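Containing PDB, C-alpha atoms: start_22.pdb.
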MODEL        1
ATOM      1  CA  MET I  59      16.769   3.962   2.029  1.00  0.00           C
ATOM      2  CA  LEU I  60      14.900   6.656   3.922  1.00  0.00           C
ATOM      3  CA  GLN I  61      18.044   7.983   5.562  1.00  0.00           C
ATOM      4  CA  ALA I  62      19.886   8.066   2.236  1.00  0.00           C
ATOM      5  CA  GLU I  63      17.025  10.025   0.705  1.00  0.00           C
ATOM      6  CA  LEU I  64      16.774  12.469   3.607  1.00  0.00           C
ATOM      7  CA  ASN I  65      20.509  13.158   3.420  1.00  0.00           C
ATOM      8  CA  GLY I  66      20.603  13.687  -0.345  1.00  0.00           C
ATOM      9  CA  LYS I  67      22.549  10.496  -1.020  1.00  0.00           C
ATOM     10  CA  LEU I  68      20.232   9.080  -3.702  1.00  0.00           C
ATOM     11  CA  PRO I  69      20.515   9.875  -7.390  1.00  0.00           C
ATOM     12  CA  SER I  70      17.939  12.468  -8.431  1.00  0.00           C
ATOM     13  CA  GLU I  71      15.941   9.937 -10.476  1.00  0.00           C
ATOM     14  CA  ALA I  72      15.553   7.747  -7.382  1.00  0.00           C
ATOM     15  CA  THR I  73      14.095  10.608  -5.345  1.00  0.00           C
ATOM     16  CA  ARG I  74      11.261  10.864  -7.882  1.00  0.00           C
ATOM     17  CA  SER I  75      10.515   7.158  -7.809  1.00  0.00           C
ATOM     18  CA  GLU I  76       7.053   5.941  -6.827  1.00  0.00           C
ATOM     19  CA  ASP I  77       8.665   2.755  -5.525  1.00  0.00           C
ATOM     20  CA  VAL I  78      11.039   4.665  -3.214  1.00  0.00           C
ATOM     21  CA  LEU I  79       8.168   6.803  -1.919  1.00  0.00           C
ATOM     22  CA  THR I  80       5.994   3.732  -1.403  1.00  0.00           C
ATOM     23  CA  SER I  81       8.712   1.807   0.428  1.00  0.00           C
ATOM     24  CA  ASN I  82       9.537   4.791   2.650  1.00  0.00           C
ATOM     25  CA  VAL I  83       5.963   5.634   3.659  1.00  0.00           C
ATOM     26  CA  PHE I  84       4.539   2.146   4.033  1.00  0.00           C
ATOM     27  CA  GLY I  85       7.815   0.734   5.356  1.00  0.00           C
ATOM     28  CA  ILE I  86       7.508   3.140   8.286  1.00  0.00           C
ATOM     29  CA  MET I  87       3.899   2.081   8.845  1.00  0.00           C
ATOM     30  CA  ASN I  88       4.977  -1.558   8.783  1.00  0.00           C
ATOM     31  CA  ASN I  89       8.122  -1.340  10.902  1.00  0.00           C
ATOM     32  CA  CYS I  90       7.430   1.410  13.444  1.00  0.00           C
ATOM     33  CA  ASP I  91       4.867   1.726  16.211  1.00  0.00           C
ATOM     34  CA  ARG I  92       1.652   0.977  14.376  1.00  0.00           C
ATOM     35  CA  SER I  93      -0.454   2.950  16.841  1.00  0.00           C
ATOM     36  CA  LEU I  94       1.501   6.073  15.836  1.00  0.00           C
ATOM     37  CA  PHE I  95       1.663   5.561  12.072  1.00  0.00           C
ATOM     38  CA  LEU I  96      -0.599   2.842  10.671  1.00  0.00           C
ATOM     39  CA  MET I  97      -3.666   3.416  12.887  1.00  0.00           C
ATOM     40  CA  PRO I  98      -3.991   7.147  12.066  1.00  0.00           C
ATOM     41  CA  TRP I  99      -3.583   6.420   8.353  1.00  0.00           C
ATOM     42  CA  LEU I 100      -6.263   3.718   8.491  1.00  0.00           C
ATOM     43  CA  GLU I 101      -8.583   6.151  10.262  1.00  0.00           C
ATOM     44  CA  SER I 102      -7.869   8.782   7.572  1.00  0.00           C
ATOM     45  CA  ILE I 103      -9.205   6.386   4.926  1.00  0.00           C
ATOM     46  CA  GLY I 104     -12.295   5.628   6.987  1.00  0.00           C
ATOM     47  CA  LEU I 105     -11.281   2.392   8.703  1.00  0.00           C
ATOM     48  CA  ILE I 106     -11.553   2.019  12.454  1.00  0.00           C
ATOM     49  CA  ILE I 107      -9.893  -1.300  13.215  1.00  0.00           C
ATOM     50  CA  ASP I 108      -9.234  -3.103  16.478  1.00  0.00           C
ATOM     51  CA  PRO I 109      -5.617  -2.355  17.527  1.00  0.00           C
ATOM     52  CA  LEU I 110      -4.991  -6.090  17.957  1.00  0.00           C
ATOM     53  CA  TYR I 111      -5.824  -6.628  14.274  1.00  0.00           C
ATOM     54  CA  VAL I 112      -3.617  -3.717  13.255  1.00  0.00           C
ATOM     55  CA  GLU I 113      -0.692  -5.350  15.057  1.00  0.00           C
ATOM     56  CA  GLN I 114      -1.360  -8.538  13.054  1.00  0.00           C
ATOM     57  CA  ALA I 115      -1.339  -6.710   9.706  1.00  0.00           C
ATOM     58  CA  GLU I 116       0.901  -8.228   7.059  1.00  0.00           C
ATOM     59  CA  PHE I 117       2.363  -5.932   4.412  1.00  0.00           C
ATOM     60  CA  SER I 118       3.220  -7.180   0.927  1.00  0.00           C
ATOM     61  CA  PHE I 119       5.102  -4.845  -1.376  1.00  0.00           C
ATOM     62  CA  TRP I 120       4.582  -5.258  -5.134  1.00  0.00           C
ATOM     63  CA  GLN I 121       2.665  -8.510  -4.701  1.00  0.00           C
ATOM     64  CA  ARG I 122       1.816 -10.013  -8.078  1.00  0.00           C
ATOM     65  CA  PHE I 123      -1.799 -11.090  -8.517  1.00  0.00           C
ATOM     66  CA  GLU I 124      -2.857 -14.045 -10.698  1.00  0.00           C
ATOM     67  CA  ASP I 125      -3.416 -11.836 -13.755  1.00  0.00           C
ATOM     68  CA  GLY I 126       0.028 -10.219 -13.489  1.00  0.00           C
ATOM     69  CA  THR I 127      -1.090  -6.908 -11.981  1.00  0.00           C
ATOM     70  CA  GLU I 128       1.163  -5.641  -9.226  1.00  0.00           C
ATOM     71  CA  PRO I 129      -0.285  -3.144  -6.747  1.00  0.00           C
ATOM     72  CA  ASP I 130       2.254  -1.196  -4.735  1.00  0.00           C
ATOM     73  CA  VAL I 131       1.160  -2.448  -1.319  1.00  0.00           C
ATOM     74  CA  VAL I 132      -1.286  -4.991   0.047  1.00  0.00           C
ATOM     75  CA  ILE I 133      -2.154  -4.890   3.741  1.00  0.00           C
ATOM     76  CA  ASP I 134      -3.829  -8.068   4.929  1.00  0.00           C
ATOM     77  CA  MET I 135      -5.211  -8.326   8.444  1.00  0.00           C
ATOM     78  CA  PRO I 136      -8.055 -10.116  10.183  1.00  0.00           C
ATOM     79  CA  GLY I 137     -11.283  -8.928   8.595  1.00  0.00           C
ATOM     80  CA  HIS I 138      -9.652  -6.435   6.211  1.00  0.00           C
ATOM     81  CA  PHE I 139      -7.773  -6.531   2.911  1.00  0.00           C
ATOM     82  CA  ILE I 140      -6.378  -3.242   1.595  1.00  0.00           C
ATOM     83  CA  VAL I 141      -4.853  -2.757  -1.864  1.00  0.00           C
ATOM     84  CA  ILE I 142      -2.844   0.417  -2.460  1.00  0.00           C
ATOM     85  CA  GLU I 143      -1.758   1.885  -5.801  1.00  0.00           C
ATOM     86  CA  ALA I 144       0.470   4.934  -5.430  1.00  0.00           C
ATOM     87  CA  LYS I 145       1.068   7.467  -8.178  1.00  0.00           C
ATOM     88  CA  TYR I 146       3.723  10.162  -7.885  1.00  0.00           C
ATOM     89  CA  LEU I 147       4.639  12.689 -10.558  1.00  0.00           C
ATOM     90  CA  SER I 148       2.795  10.661 -13.166  1.00  0.00           C
ATOM     91  CA  ASN I 149      -0.685  10.921 -14.562  1.00  0.00           C
ATOM     92  CA  LEU I 150      -3.207   8.139 -14.723  1.00  0.00           C
ATOM     93  CA  GLY I 151      -2.878   7.817 -18.494  1.00  0.00           C
ATOM     94  CA  ASN I 152      -3.945   4.346 -19.595  1.00  0.00           C
ATOM     95  CA  ASP I 153      -3.702   2.951 -16.083  1.00  0.00           C
ATOM     96  CA  GLU I 154      -7.483   2.805 -15.701  1.00  0.00           C
ATOM     97  CA  THR I 155      -7.360  -0.761 -16.967  1.00  0.00           C
ATOM     98  CA  GLN I 156      -4.619  -1.519 -14.443  1.00  0.00           C
ATOM     99  CA  LEU I 157      -6.700  -0.058 -11.625  1.00  0.00           C
ATOM    100  CA  SER I 158      -9.837  -1.985 -12.561  1.00  0.00           C
ATOM    101  CA  ARG I 159      -7.799  -5.196 -12.769  1.00  0.00           C
ATOM    102  CA  GLU I 160      -6.220  -4.525  -9.364  1.00  0.00           C
ATOM    103  CA  ILE I 161      -9.664  -3.947  -7.861  1.00  0.00           C
ATOM    104  CA  LYS I 162     -11.013  -7.144  -9.416  1.00  0.00           C
ATOM    105  CA  GLN I 163      -8.022  -9.208  -8.255  1.00  0.00           C
ATOM    106  CA  GLY I 164      -8.053  -7.550  -4.820  1.00  0.00           C
ATOM    107  CA  LEU I 165     -11.718  -8.405  -4.326  1.00  0.00           C
ATOM    108  CA  LYS I 166     -10.954 -11.980  -5.305  1.00  0.00           C
ATOM    109  CA  ALA I 167      -7.973 -12.205  -2.929  1.00  0.00           C
ATOM    110  CA  ALA I 168      -9.917 -10.570  -0.071  1.00  0.00           C
ATOM    111  CA  LYS I 169     -12.387 -13.474  -0.057  1.00  0.00           C
ATOM    112  CA  ASP I 170     -14.713 -12.797   2.870  1.00  0.00           C
ATOM    113  CA  LYS I 171     -12.753  -9.844   4.272  1.00  0.00           C
ATOM    114  CA  GLN I 172     -13.754  -6.192   3.941  1.00  0.00           C
ATOM    115  CA  PHE I 173     -11.996  -4.887   0.822  1.00  0.00           C
ATOM    116  CA  LYS I 174     -10.615  -1.380   0.429  1.00  0.00           C
ATOM    117  CA  PHE I 175      -8.811   0.023  -2.639  1.00  0.00           C
ATOM    118  CA  VAL I 176      -6.703   3.122  -2.085  1.00  0.00           C
ATOM    119  CA  PHE I 177      -5.398   5.098  -5.020  1.00  0.00           C
ATOM    120  CA  GLY I 178      -3.442   8.293  -4.909  1.00  0.00           C
TER     121      GLY I 178
ENDMDL
END
What does this structure look like when you write it as structure tokens?
Amino acid sequence: MLQAELNGKLPSEATRSEDVLTSNVFGIMNNCDRSLFLMPWLESIGLIIDPLYVEQAEFSFWQRFEDGTEPDVVIDMPGHFIVIEAKYLSNLGNDETQLSREIKQGLKAAKDKQFKFVFG
């Protein structure tokens, strides 16, 4: 998908898609050298995590929580549970309820792990 987007092969509506952006950015973090991509991003959001744990991170895209909310990405690793909601070319609007539900469900799913909610 990334190569198609970079070479102008996607329809214009797809290039403005939050889902395409999410899959491109976090797909790279998941599939490429995590010390080059995921670790610096984690540090930028204030998390210094053992590299061994970063290598064990499991990414879930559009995971559906019990209440039906669907954050864009969940990163689950030893000791840490990160929920990510990406917004691109759209305003928050009435999504405040969605965000509070994602936080509540993320905290529940994190159990005894450190929970972090990232929105942007």
**Report entry** Residue members of the PyMOL selection byres ((chain I and resi 111) around 9) in the file shown, as a ChimeraX atom specification
**Finding:** /I:107-110,112-115,135-138
Report summary line: note - atom CA of I:Gln163 and atom CA of I:Ile86 are separated by 25.8 Å
Query raised in the report: What is the distance between atom CA of I:Gln121 and atom CA of I:Ala167, in Å to one decimal?
Result: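 These atoms are spaced 11.4 Å apart.
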Query raised in the report: What does the PyMOL selection byres ((chain I and resi 83) around 12) select in this file, as an MDAnalysis selection string?
Result: chainID I and resid 59:60 76:82 84:90 95:96 99 119 130:131 142 144
Report task. Would you please work out which residue, of I:Arg92, I:Lys166, I:Lys171, I:Lys145, is nearest to I:Phe123 when using only C-alpha atoms? Result -> I:Lys166
**Report entry** Spatial neighbours of I:Pro129, max dist 10 Å, only C-alpha atoms, sep filter under 3 positions, as a PyMOL selection string
**Finding:** chain I and resi 118-123+126+132+141-144+156-157+159-161+163-164+175+177
Report task. Rounded to one decimal place, report the atom CA of I:Phe117-atom CA of I:Ile133 distance in Å. Result ->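 Atom CA of I:Phe117 sits 4.7 Å away from atom CA of I:Ile133.
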Requested in this report: Could you tell me which residues the PyMOL selection byres ((chain I and resi 172) around 9) returns for this structure, as a list of chain:residue names?
Outcome: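 With the PyMOL selection byres ((chain I and resi 172) around 9) on this model, the match is I:Gly137, I:His138, I:Phe139, I:Ile140, I:Leu165, I:Ala168, I:Lys169, I:Asp170, I:Lys171, I:Phe173, I:Lys174.
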Query - Which of I:Met97, I:Asp91, I:Tyr146, I:Lys162 sits closest to I:Thr127 [using all atoms listed in the file] - result: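 When distances to I:Thr127 are compared using all atoms listed in the file, the smallest one comes from I:Lys162.
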As JSON: centre and edge lengths in Å, one decimal, of the axis-aligned box holding stretch 112-126 of chain I with 3 Å per side:
{"center_x": 0.7, "center_y": -8.9, "center_z": 0.7, "size_x": 14.7, "size_y": 16.3, "size_z": 34.8}
